[in-house]
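Let me begin by presenting the structure, written as structure tokens, before commenting on it.
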Amino acid sequence: AFYYDYLRPGTSVELSNCKWNHIGGNVIWRQIDKLRKGGRGKYLYKCKKWPRFGAKGLGRNINCDDCRYTPIENIATTHYTACKRPWTCPEIKPNNAATDTFNCMLLHREWFMLRKDLEDKIHAATGDNTFISNRDGPFQSE
């Protein structure tokens, strides 16, 4: 932010958070109990996206895309914050307001498919069976 605000003002470009660094999380304030605690009840059903307060004369941001329902083919990069890291085999609870269970499972499936493709390419290039042989083993925590 410092770079674009002070060193190169007016040159930044806002990317869609549903496409770039997609977290699959809820972008609308929906949990009234958490909002009441901090005196933020006025944000209920408003967008969590910056600028919330009209910083630098940009006006209030009230338009949000609900990224929980972004089709997989429209996502360029993913950050597994809300959907959790697939390699830890997380339990994804249905009817969770923070995420869309179906979309999280699709993101997890995509990660495992990409991982398998990478392992297959390493095996084809090197002849090393390590990755292939570990597929049938138990989960190993770090």
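How things are named: the first chain in the structure tokens is A, the next is B, and so on; residues count from 1 in each chain; ligands count from 1 in the order shown.
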For this session: Please provide the set of residues having any atom within 7 Å of segment 63-67 of chain A, restricted to only C-alpha atoms, with same-chain residues fewer than 4 positions apart removed, written as a ChimeraX atom specification.
Result: /A:18,24-27,47
Export, as a tab-separated table (two decimals), in the first residue's frame, the selected residues with N, CA and C atoms.
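In the end it all went to selection18.tsv:
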chain	number	residue	atom	x	y	z
A	18	CYS	N	-12.16	-12.39	-6.04
A	18	CYS	CA	-12.79	-13.68	-6.33
A	18	CYS	C	-11.93	-14.49	-7.31
A	24	GLY	N	-12.37	-18.18	-0.96
A	24	GLY	CA	-13.61	-18.94	-0.82
A	24	GLY	C	-14.41	-18.54	0.39
A	25	GLY	N	-14.11	-17.40	0.96
A	25	GLY	CA	-14.77	-16.98	2.19
A	25	GLY	C	-15.90	-15.99	1.97
A	26	ASN	N	-16.63	-15.79	3.01
A	26	ASN	CA	-17.75	-14.87	3.02
A	26	ASN	C	-17.22	-13.43	3.05
A	27	VAL	N	-17.71	-12.60	2.16
A	27	VAL	CA	-17.26	-11.21	2.10
A	27	VAL	C	-18.32	-10.23	2.59
A	47	CYS	N	-20.51	-5.01	2.67
A	47	CYS	CA	-19.30	-5.61	2.13
A	47	CYS	C	-18.11	-5.41	3.07
For Arg109 of chain A, please output as a PDB file with C-alpha atoms, in the first residue's frame all residues within 12 Å (counting only C-alpha atoms; exclusion window: fewer than 4 positions along the same chain).
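Okay, around.pdb is ready:
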ATOM      1  CA  ILE A  72     -13.519 -22.891 -10.353  1.00  0.00           C
ATOM      2  CA  CYS A  83     -11.661 -23.635   2.914  1.00  0.00           C
ATOM      3  CA  ARG A  85      -5.505 -26.547   3.403  1.00  0.00           C
ATOM      4  CA  PRO A  86      -6.434 -29.694   1.474  1.00  0.00           C
ATOM      5  CA  TRP A  87      -3.238 -31.575   2.404  1.00  0.00           C
ATOM      6  CA  CYS A  89      -7.547 -33.363   5.269  1.00  0.00           C
ATOM      7  CA  PHE A 102     -19.396 -27.592  -2.335  1.00  0.00           C
ATOM      8  CA  ASN A 103     -17.018 -24.955  -3.702  1.00  0.00           C
ATOM      9  CA  CYS A 104     -14.414 -25.786  -1.031  1.00  0.00           C
ATOM     10  CA  MET A 105     -14.557 -29.450  -1.990  1.00  0.00           C
ATOM     11  CA  MET A 113      -5.434 -33.138  -9.297  1.00  0.00           C
ATOM     12  CA  LEU A 114      -2.704 -30.513  -9.791  1.00  0.00           C
ATOM     13  CA  ARG A 115      -0.521 -32.245  -7.224  1.00  0.00           C
ATOM     14  CA  LYS A 116      -0.924 -35.613  -8.973  1.00  0.00           C
TER      15      LYS A 116
END
For this session: Name the closest residue to Glu73 of chain A among the candidates A:Tyr4, A:Glu91, A:Leu107, A:Ile122; distances are taken between atoms, counting only C-alpha atoms.
Result: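 Of all the options, A:Leu107 lies closest to Glu73 of chain A.
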Exercise. To one decimal place, how far is atom CA of Val13 of chain A from atom CA of Pro71 of chain A in Å?
Worked result: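 Value for the atom CA of Val13 of chain A-atom CA of Pro71 of chain A distance: 22.8 Å.
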Problem set entry | atom CA of Leu15 of chain A to atom CA of Leu106 of chain A, distance in Å rounded to a single decimal |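 Taking atom CA of Leu15 of chain A as the start and atom CA of Leu106 of chain A as the end point, the length is 22.5 Å.
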Exercise. By how many Å are atom CA of Thr70 of chain A and atom CA of Lys19 of chain A apart?
Worked result: 8.0 Å
